[in-house]
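Asker: One structure is given below, represented as structure tokens, and several questions about it will come after.
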Protein chains: 2
Amino acid sequence: MCTWYLQVTSTKPGVMTETTQLTAAHRELIDQVFDKWSLQVLEALCEKPSRFNELRHAIPTVTQKSLTATLRRLERNGMIERVIISSRPIAVEYRITSLGGTLEDLIDALLHWSTAHMPAVQRARARFDDETPPPHDASS
Amino acid sequence: MCTWYLQVTSTKPGVMTETTQLTAAHRELIDQVFDKWSLQVLEALCEKPSRFNELRHAIPTVTQKSLTATLRRLERNGMIERVIISSRPIAVEYRITSLGGTLEDLIDALLHWSTAHMPAVQRARARFDDETPPPHDASS
DNA sequence: CTGTATCCTCTTGGATACTG
DNA sequence: CAGTATCCAAGAGGATACAG
């Protein structure tokens with residue numbers, strides 16, 4: 001089984017050596033970094049640094065507002081950095097940071113998992129929907 | 001760098017051997033399985049099968065409605081199974097399925113990541129908030 | 001005990017217009 | 001180009017009541 005109470009081993013004993021249980025702050029971080037838009041932004045920036053409109057094009061379904069909000073949040077959490085390139089007309093490039101780079105394997109594993117198990121998921125959904133028909137319909 | 005177009009290697013060549021790019025369906029699945037409540041439910045059920053009210057207690061901030069919705073969604077995706085135990089008064093136990101079990105390492109990695117990098121994140125946030133003071137306040 | 005149903009609030013996020 | 005500001009609709013989610 002898995003142990004969900006993680007052991008944090010600090011190089012300085014006595015400072016942070018007790019088992020640290022997951023707090024709301026940990027979950028908040030996970031929510032912010034692994035949400036719908038963040039994941040796609042991080043994918044894109046993992047491939048190559050990109051400018052604002054490049055990202056908009058790479059993620060066709062995102063709106064300007066949501067993209068801006070996502071970029072700000074990722075920047076605040078230290079996952080990406082915002083680099084102002086020129087000044088006529090202004091250009092901005094977003095890059096993944098070294099901290100953000102620690103996500104690469106994780107995101108990779110996530111995407112592989114979804115790809116590997118998608119067929120099984122679809123079978124499960126079909127079975128569920130078959131056994132649990134929608135509750136409307138009083139004519140049958 | 002990472003390649004976000006995943007190679008699906010089937011044992012039956014010619015059936016599913018072309019590179020499969022991530023579709024909206026993949027992202028939908030990830031969203032449904034790795035969202036706020038799902039993650040905590042899966043954690044709890046990874047530790048041990050639990051009944052409805054046990055889960056409510058294990059996740060104090062979830063409401064009945066959200067918990068029910070999360071459980072249904074996870075069941076539909078084949079991650080957990082719903083087992084009716086007795087019938088006076090009815091008891092229901094939720095268990096992780098073998099498909100859901102494939103998530104264990106992934107969730108483990110996720111939680112470890114959040115714990116390992118939380119200090120760096122907090123430093124990044126402090127710096128960001130320091131450089132970008134809230135825009136209100138016209139008195140200073 | 002394990003839900004479903006209803007109401008209602010509050011946030012998320014899309015569309016649009018405007019700015020440096 | 002790279003945003004900010006505003007408005008508004010739709011949905012998530014909480015509180016409460018009720019049912020099998």
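Each chain of the structure tokens is named A, B, ... in the order shown, its residues numbered from 1; ligands are numbered from 1 in display order.
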For the interface of chain D with chain B (cut-off 10 Å, counting only C-alpha atoms (C1' of nucleotides)), please tabulate each contacting residue of chain D alongside its nearest pair of atoms and their separation in Å to one decimal, rows sorted by chain and increasing number, as CSV.

Answerer:
residue,atom,partner,partner_atom,distance
D:DA12,C1',B:Ser66,CA,9.3
D:DG13,C1',B:Ser66,CA,7.0
D:DG14,C1',B:Thr63,CA,7.3
D:DA15,C1',B:Thr63,CA,9.6
D:DG20,C1',B:Ile90,CA,9.3

Asker: Skipping near chain neighbours, those fewer than 3 positions away, what residues fall within 12 Å of Leu45 in chain B using only C-alpha atoms (C1' of nucleotides), listed as a PyMOL selection string?

Answerer: (chain A and resi 1-4) or (chain B and resi 38-42+48-52+54-55+58-59+71+74+79-82+93-97+100-101+103-104)

Asker: Would you mind reading off the distance between C1' of DC1 in chain D and CA of Glu75 in chain A, one decimal, in Å?

Answerer: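 Separation between C1' of DC1 in chain D and CA of Glu75 in chain A: 19.7 Å.
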
Asker: Using only C-alpha atoms (C1' of nucleotides), find the residues of chain C whose closest atom to chain B is at most 9 Å away, then write them as a list of chain:residue names.

Answerer: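 Residues satisfying the distance criterion: C:DC1, C:DT2, C:DG3.
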
Asker: Name all residues at most 10 Å from Arg125 in chain B (count only C-alpha atoms (C1' of nucleotides); drop same-chain ones fewer than 3 positions away) and give them as a VMD selection string.

Answerer: (chain A and resid 73 to 78) or (chain B and resid 119 to 122 128 to 131)

Asker: Quote the spacing between CA of Glu47 in chain A and CA of Thr102 in chain A in Å to one decimal place.

Answerer: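 Those two atoms sit 14.0 Å apart.
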
Asker: I need the residues of range 71-115 of chain B that end up classed as alpha helix (DSSP H) by DSSP on the backbone, written out as a PyMOL selection string.

Answerer: chain B and resi 71-76+98-101+104-115

Asker: Go through A:Thr70, A:Ala126, A:His57, A:Ser86 one by one, measure the shortest atom-to-atom distance of each to chain B using only C-alpha atoms, and give the residue with the smallest value.

Answerer: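 Distance minimum relative to chain B lands on A:Ala126.
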
Asker: Of the residues B:Ile84, B:Arg56, B:Asp31, B:Trp37, which is the one nearest to chain A, using only C-alpha atoms?

Answerer: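 Comparing B:Ile84, B:Arg56, B:Asp31, B:Trp37 against chain A, the winner is B:Asp31.
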
Asker: List the spatial neighbours of DC8 in chain D as an mmCIF file with N, CA, C and O atoms (P, O5', C5', C4', C3', O3' and C1' of nucleotides), in the first residue's frame - criterion: any atom at most 10 Å away, only C-alpha atoms (C1' of nucleotides), same-chain residues fewer than 2 positions off excluded.

Answerer:
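Listed below is the output, out.cif:
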data_model
loop_
_atom_site.group_PDB
_atom_site.id
_atom_site.type_symbol
_atom_site.label_atom_id
_atom_site.label_comp_id
_atom_site.auth_asym_id
_atom_site.auth_seq_id
_atom_site.Cartn_x
_atom_site.Cartn_y
_atom_site.Cartn_z
ATOM 1 P P DG C 14 -13.138 29.955 -21.134
ATOM 2 O "O5'" DG C 14 -13.992 30.627 -22.300
ATOM 3 C "C5'" DG C 14 -15.346 30.243 -22.487
ATOM 4 C "C4'" DG C 14 -16.175 31.430 -22.905
ATOM 5 C "C3'" DG C 14 -15.598 32.242 -24.067
ATOM 6 O "O3'" DG C 14 -16.559 32.354 -25.097
ATOM 7 C "C1'" DG C 14 -16.173 33.674 -22.260
ATOM 8 P P DA C 15 -16.088 33.013 -26.500
ATOM 9 O "O5'" DA C 15 -16.691 34.481 -26.447
ATOM 10 C "C5'" DA C 15 -18.034 34.682 -25.999
ATOM 11 C "C4'" DA C 15 -18.395 36.154 -26.091
ATOM 12 C "C3'" DA C 15 -17.748 36.893 -27.269
ATOM 13 O "O3'" DA C 15 -18.703 37.763 -27.870
ATOM 14 C "C1'" DA C 15 -17.114 37.923 -25.221
ATOM 15 P P DT D 6 -12.890 48.649 -14.756
ATOM 16 O "O5'" DT D 6 -14.173 48.031 -15.460
ATOM 17 C "C5'" DT D 6 -14.510 48.471 -16.786
ATOM 18 C "C4'" DT D 6 -15.577 47.586 -17.385
ATOM 19 C "C3'" DT D 6 -16.625 47.075 -16.389
ATOM 20 O "O3'" DT D 6 -17.909 47.513 -16.807
ATOM 21 C "C1'" DT D 6 -15.889 45.348 -17.826
ATOM 22 P P DA D 10 -26.467 31.034 -20.639
ATOM 23 O "O5'" DA D 10 -25.511 29.955 -19.982
ATOM 24 C "C5'" DA D 10 -24.156 29.871 -20.434
ATOM 25 C "C4'" DA D 10 -23.346 29.087 -19.422
ATOM 26 C "C3'" DA D 10 -24.099 27.891 -18.838
ATOM 27 O "O3'" DA D 10 -23.263 26.750 -18.942
ATOM 28 C "C1'" DA D 10 -23.218 29.236 -17.096
#

Asker: Pick out the residues sitting within 12 Å of Ser114 in chain B, and hand them over as a ChimeraX atom specification; count only C-alpha atoms (C1' of nucleotides), and ignore anything fewer than 2 positions along from it in its own chain.

Answerer: /A:6,8,20-34,77,99-100,102-103,106 /B:107-112,116-122

Asker: Output C-alpha atoms of each residue in that selection to a file, as a PDB file, in the first residue's frame.

Answerer:
ATOM      1  CA  LEU A   6       5.553  11.834   3.358  1.00  0.00           C
ATOM      2  CA  VAL A   8      10.836  15.063   4.469  1.00  0.00           C
ATOM      3  CA  THR A  20       4.943  16.157   7.147  1.00  0.00           C
ATOM      4  CA  GLN A  21       1.355  15.399   6.357  1.00  0.00           C
ATOM      5  CA  LEU A  22      -0.211  16.962   3.343  1.00  0.00           C
ATOM      6  CA  THR A  23      -1.800  20.256   4.158  1.00  0.00           C
ATOM      7  CA  ALA A  24      -4.322  22.344   2.277  1.00  0.00           C
ATOM      8  CA  ALA A  25      -1.376  24.323   0.955  1.00  0.00           C
ATOM      9  CA  HIS A  26       0.026  21.260  -0.780  1.00  0.00           C
ATOM     10  CA  ARG A  27      -3.297  20.540  -2.416  1.00  0.00           C
ATOM     11  CA  GLU A  28      -3.689  24.142  -3.456  1.00  0.00           C
ATOM     12  CA  LEU A  29      -0.319  23.992  -5.182  1.00  0.00           C
ATOM     13  CA  ILE A  30      -1.202  20.796  -6.983  1.00  0.00           C
ATOM     14  CA  ASP A  31      -4.496  22.292  -8.066  1.00  0.00           C
ATOM     15  CA  GLN A  32      -2.784  25.375  -9.428  1.00  0.00           C
ATOM     16  CA  VAL A  33      -0.044  23.581 -11.306  1.00  0.00           C
ATOM     17  CA  PHE A  34      -1.979  20.597 -12.629  1.00  0.00           C
ATOM     18  CA  ASN A  77       4.525  29.789  -8.176  1.00  0.00           C
ATOM     19  CA  LEU A  99      11.740  24.649 -10.679  1.00  0.00           C
ATOM     20  CA  GLY A 100       9.166  24.196 -13.407  1.00  0.00           C
ATOM     21  CA  THR A 102      11.059  19.384 -12.107  1.00  0.00           C
ATOM     22  CA  LEU A 103       7.531  18.876 -13.399  1.00  0.00           C
ATOM     23  CA  LEU A 106       5.598  14.092 -13.742  1.00  0.00           C
TER      24      LEU A 106
ATOM     25  CA  ILE B 107      -0.405  10.183  -7.110  1.00  0.00           C
ATOM     26  CA  ASP B 108       2.483   9.249  -4.894  1.00  0.00           C
ATOM     27  CA  ALA B 109       4.866  11.082  -7.202  1.00  0.00           C
ATOM     28  CA  LEU B 110       2.551  14.064  -7.264  1.00  0.00           C
ATOM     29  CA  LEU B 111       2.418  14.362  -3.513  1.00  0.00           C
ATOM     30  CA  HIS B 112       6.134  13.847  -3.160  1.00  0.00           C
ATOM     31  CA  ALA B 116       9.750  18.433  -2.014  1.00  0.00           C
ATOM     32  CA  HIS B 117       9.323  21.742  -3.805  1.00  0.00           C
ATOM     33  CA  MET B 118       6.978  23.559  -1.485  1.00  0.00           C
ATOM     34  CA  PRO B 119       9.750  25.642   0.076  1.00  0.00           C
ATOM     35  CA  ALA B 120      10.961  26.830  -3.328  1.00  0.00           C
ATOM     36  CA  VAL B 121       7.397  27.630  -4.313  1.00  0.00           C
ATOM     37  CA  GLN B 122       6.866  29.670  -1.202  1.00  0.00           C
TER      38      GLN B 122
END

Asker: DSSP says strand (DSSP E or B) for which residues of range 41-139 of chain A? Put them as a list of chain:residue names?

Answerer: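 The residues of range 41-139 of chain A classed as strand (DSSP E or B) are A:Ser50, A:Arg51, A:Ile80, A:Glu81, A:Arg82, A:Val83, A:Ile84, A:Val92, A:Glu93, A:Tyr94, A:Arg95, A:Ile96.
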
Asker: Store the residues of this selection in a file with C-alpha atoms, as a short mmCIF file (atom, residue, chain, number, x, y, z; two decimals), in the first residue's frame.

Answerer:
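Final output, saved to result_14.cif:
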data_model
loop_
_atom_site.label_atom_id
_atom_site.label_comp_id
_atom_site.auth_asym_id
_atom_site.auth_seq_id
_atom_site.Cartn_x
_atom_site.Cartn_y
_atom_site.Cartn_z
CA SER A 50 7.03 30.83 -26.40
CA ARG A 51 5.45 34.22 -26.73
CA ILE A 80 7.74 29.84 -15.48
CA GLU A 81 9.46 33.16 -16.01
CA ARG A 82 8.39 36.15 -18.02
CA VAL A 83 11.10 37.71 -20.15
CA ILE A 84 10.57 41.02 -21.87
CA VAL A 92 7.32 38.88 -24.13
CA GLU A 93 8.69 35.40 -23.94
CA TYR A 94 7.66 32.83 -21.38
CA ARG A 95 10.14 30.16 -20.33
CA ILE A 96 10.07 27.27 -17.98
#

Asker: For a test of reading the model, state the distance in Å between C1' of DA2 in chain D and CA of Ser87 in chain A, rounded to one decimal.

Answerer: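 Going from C1' of DA2 in chain D over to CA of Ser87 in chain A, I get 11.4 Å.
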